[in-house]
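As stored in final_0.cif (mmCIF, C-alpha atoms):
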data_entry
loop_
_atom_site.label_atom_id
_atom_site.label_comp_id
_atom_site.auth_asym_id
_atom_site.auth_seq_id
_atom_site.Cartn_x
_atom_site.Cartn_y
_atom_site.Cartn_z
CA MET A 24 62.23 78.09 122.91
CA ALA A 25 63.14 78.93 119.31
CA THR A 26 63.17 75.28 118.13
CA ALA A 27 59.92 74.18 119.82
CA PRO A 28 57.88 74.25 116.57
CA PHE A 29 60.45 71.93 114.92
CA PHE A 30 60.27 69.35 117.73
CA ASP A 31 56.50 69.73 118.14
CA GLY A 32 56.17 69.01 114.41
CA ALA A 33 58.42 65.96 114.69
CA ALA A 34 56.20 64.62 117.47
CA ARG A 35 53.29 64.91 114.97
CA GLU A 36 55.45 63.38 112.20
CA GLN A 37 55.69 66.65 110.32
CA LEU A 38 59.03 68.00 109.09
CA MET A 39 59.00 71.71 109.88
CA ILE A 40 61.17 74.26 108.06
CA ARG A 41 61.14 78.06 107.91
CA ARG A 42 59.85 80.35 105.15
CA CYS A 43 60.45 84.05 104.72
CA GLU A 44 57.30 86.15 105.06
CA ARG A 45 58.74 88.83 102.78
CA CYS A 46 60.04 86.83 99.78
CA ALA A 47 58.75 83.26 100.49
CA HIS A 48 62.27 81.81 100.35
CA PRO A 49 62.48 78.46 102.20
CA GLU A 50 65.06 78.14 104.96
CA PRO A 51 66.34 75.33 107.21
CA PRO A 52 64.89 75.02 110.73
CA GLU A 53 67.87 76.73 112.38
CA ALA A 54 67.61 79.88 110.22
CA ARG A 55 67.06 83.16 112.03
CA THR A 56 67.20 85.40 108.94
CA CYS A 57 66.34 84.90 105.29
CA SER A 58 69.40 84.03 103.21
CA SER A 59 67.77 85.69 100.19
CA CYS A 60 66.53 89.08 101.48
CA ALA A 61 67.89 89.22 105.09
CA SER A 62 64.41 89.54 106.60
CA VAL A 63 63.95 88.29 110.15
CA ASP A 64 60.26 87.60 109.51
CA LEU A 65 60.32 83.81 109.20
CA THR A 66 57.41 81.49 109.76
CA TRP A 67 57.24 77.71 110.28
CA ILE A 68 55.80 75.55 107.49
CA SER A 69 55.45 71.81 106.98
CA ALA A 70 57.82 70.40 104.33
CA THR A 71 57.01 67.44 102.08
CA GLY A 72 59.75 65.37 103.69
CA ARG A 73 61.18 64.36 100.31
CA GLY A 74 64.64 65.16 99.04
CA HIS A 75 67.99 63.86 97.81
CA LEU A 76 71.17 62.85 99.56
CA VAL A 77 73.92 65.40 98.93
CA THR A 78 76.79 63.90 100.92
CA TRP A 79 77.29 61.47 103.79
CA THR A 80 79.76 59.77 106.07
CA VAL A 81 79.66 56.42 107.81
CA VAL A 82 80.31 56.75 111.54
CA HIS A 83 82.28 53.75 112.85
CA ARG A 84 83.30 55.11 116.26
CA ALA A 85 80.56 56.32 118.56
CA PRO A 86 81.05 59.97 119.59
CA HIS A 87 79.35 59.16 122.91
CA PRO A 88 79.02 55.88 124.86
CA ASP A 89 75.21 56.01 124.54
CA LEU A 90 75.62 55.65 120.75
CA ALA A 91 77.94 52.63 120.86
CA GLY A 92 75.13 50.24 119.91
CA ALA A 93 74.20 52.30 116.85
CA VAL A 94 77.52 52.18 114.98
CA PRO A 95 78.04 51.97 112.13
CA TYR A 96 75.48 54.55 111.08
CA VAL A 97 75.21 57.08 108.27
CA ALA A 98 75.15 60.84 108.90
CA GLY A 99 74.41 62.96 105.88
CA ILE A 100 73.13 66.13 104.31
CA VAL A 101 69.78 66.04 102.56
CA GLU A 102 68.58 68.68 100.12
CA LEU A 103 64.84 68.92 100.60
CA ASP A 104 62.59 69.29 97.55
CA GLU A 105 61.78 72.76 98.95
CA GLY A 106 65.46 73.71 98.79
CA PRO A 107 66.98 73.81 102.29
CA TRP A 108 69.73 71.40 103.29
CA LEU A 109 69.40 69.44 106.53
CA HIS A 110 71.94 67.45 108.54
CA ALA A 111 70.36 64.14 109.49
CA ARG A 112 70.83 60.46 110.12
CA ILE A 113 70.29 58.36 107.01
CA CYS A 114 68.91 54.85 107.53
CA GLY A 115 69.86 52.07 105.19
CA ASP A 116 72.82 50.04 104.02
CA PRO A 117 75.90 52.31 104.01
CA THR A 118 77.20 50.58 100.87
CA THR A 119 74.15 51.71 98.87
CA MET A 120 74.52 55.43 99.58
CA ARG A 121 75.14 57.66 96.57
CA ALA A 122 74.87 61.33 95.76
CA GLY A 123 71.40 62.11 94.47
CA LEU A 124 69.78 59.14 96.24
CA PRO A 125 66.07 59.97 96.72
CA VAL A 126 65.12 59.97 100.39
CA ARG A 127 62.03 60.57 102.49
CA VAL A 128 61.60 61.56 106.09
CA ALA A 129 60.77 59.17 108.91
CA PHE A 130 60.63 59.91 112.62
CA VAL A 131 62.12 58.42 115.76
CA HIS A 132 60.01 58.73 118.90
CA PRO A 133 62.21 57.78 121.88
CA ASP A 134 60.69 57.00 125.27
CA LEU A 135 62.75 59.85 126.71
CA GLY A 136 63.59 63.01 124.84
CA GLU A 137 62.35 64.72 121.72
CA SER A 138 61.12 63.06 118.52
CA VAL A 139 63.53 63.64 115.65
CA PRO A 140 63.47 63.22 111.88
CA LEU A 141 65.78 60.91 109.95
CA PHE A 142 65.76 59.92 106.29
CA THR A 143 65.37 56.61 104.48
CA PRO A 144 66.03 55.80 100.81
CA SER A 145 62.88 56.04 98.70
CA ASP A 146 63.99 54.42 95.40
#

Please re-express this file's structure in structure tokens.
Amino acid sequence: MATAPFFDGAAREQLMIRRCERCAHPEPPEARTCSSCASVDLTWISATGRGHLVTWTVVHRAPHPDLAGAVPYVAGIVELDEGPWLHARICGDPTTMRAGLPVRVAFVHPDLGESVPLFTPSD
């Protein structure tokens, strides 16, 4: 499975991203080619897990009944210190969100399913 290293890393509390073997450009986990040189030679690396909030939205209506207990929650885009942007859940008070908010990765380890990263404010 192409995403196994990402989820295996999350289970170990490591945020895994891709890096181009040819030009060393960092890429998001879903990348299949380098956005800088178009190489397909990407490798998995561990990111620092630090970044900044780029944009966000507060979800008030659950998109699935299993998420009804979680609303409201914040979904956002984080720019990692390494450069790639990730879509992720942002924990914290929705009224305190702002562009540029420093965030750090945390991990959710459900009883069933894969571990996943989310981000928390790190001011």

* To do: Give me the result of the PyMOL selection byres ((chain A and resi 77) around 6) on this file, residue by residue, as a list in words.
  =>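 Checked against the file, the PyMOL selection byres ((chain A and resi 77) around 6) matches Leu76, Thr78, Ile100, Val101 and Ala122 of chain A.
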
Sorted per-residue table, stretch 67-88 of chain A near stretch 31-53 of chain A, closest atoms and distance, 8 Å, all atoms listed in the file, as JSON lines:
{"residue": "A:Trp67", "atom": "CA", "partner": "A:Arg41", "partner_atom": "CA", "distance": 4.6}
{"residue": "A:Ile68", "atom": "CA", "partner": "A:Met39", "partner_atom": "CA", "distance": 5.5}
{"residue": "A:Ser69", "atom": "CA", "partner": "A:Met39", "partner_atom": "CA", "distance": 4.6}
{"residue": "A:Ala70", "atom": "CA", "partner": "A:Leu38", "partner_atom": "CA", "distance": 5.5}
{"residue": "A:Thr71", "atom": "CA", "partner": "A:Leu38", "partner_atom": "CA", "distance": 7.3}
{"residue": "A:Gly72", "atom": "CA", "partner": "A:Leu38", "partner_atom": "CA", "distance": 6.0}

Selection export as a PDB file, in the frame of the given file, atoms kept: C-alpha atoms:
ATOM      1  CA  TRP A  67      57.240  77.710 110.280  1.00  0.00           C
ATOM      2  CA  ILE A  68      55.800  75.550 107.490  1.00  0.00           C
ATOM      3  CA  SER A  69      55.450  71.810 106.980  1.00  0.00           C
ATOM      4  CA  ALA A  70      57.820  70.400 104.330  1.00  0.00           C
ATOM      5  CA  THR A  71      57.010  67.440 102.080  1.00  0.00           C
ATOM      6  CA  GLY A  72      59.750  65.370 103.690  1.00  0.00           C
TER       7      GLY A  72
END

* To do: Find, counting only C-alpha atoms, the residue in A:Arg127, A:His75, A:Arg112, A:Arg84 that gets nearest to A:Thr143.
  =>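 Going through A:Arg127, A:His75, A:Arg112, A:Arg84 one by one, the smallest distance to A:Thr143 is for A:Arg127.
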
Quick one: residues within 7 Å of A:Ala85, all atoms listed in the file, excluding same-chain residues fewer than 4 positions away - as an mmCIF file with C-alpha atoms, in the coordinates of the input?
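Listed below is the output, out01.cif:
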data_model
loop_
_atom_site.group_PDB
_atom_site.id
_atom_site.type_symbol
_atom_site.label_atom_id
_atom_site.label_comp_id
_atom_site.auth_asym_id
_atom_site.auth_seq_id
_atom_site.Cartn_x
_atom_site.Cartn_y
_atom_site.Cartn_z
ATOM 1 C CA LEU A 90 75.620 55.650 120.750
ATOM 2 C CA ALA A 91 77.940 52.630 120.860
ATOM 3 C CA VAL A 94 77.520 52.180 114.980
#

* May I ask for the distance between atom CA of A:Pro125 and atom CA of A:Phe30, given in Å to one decimal place? =>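 Between these atoms lies a distance of 23.7 Å.
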
* To do: Let me know the residues the PyMOL selection byres ((chain A and resi 139) around 7) catches in the file above, as a count of residues only.
  => 9
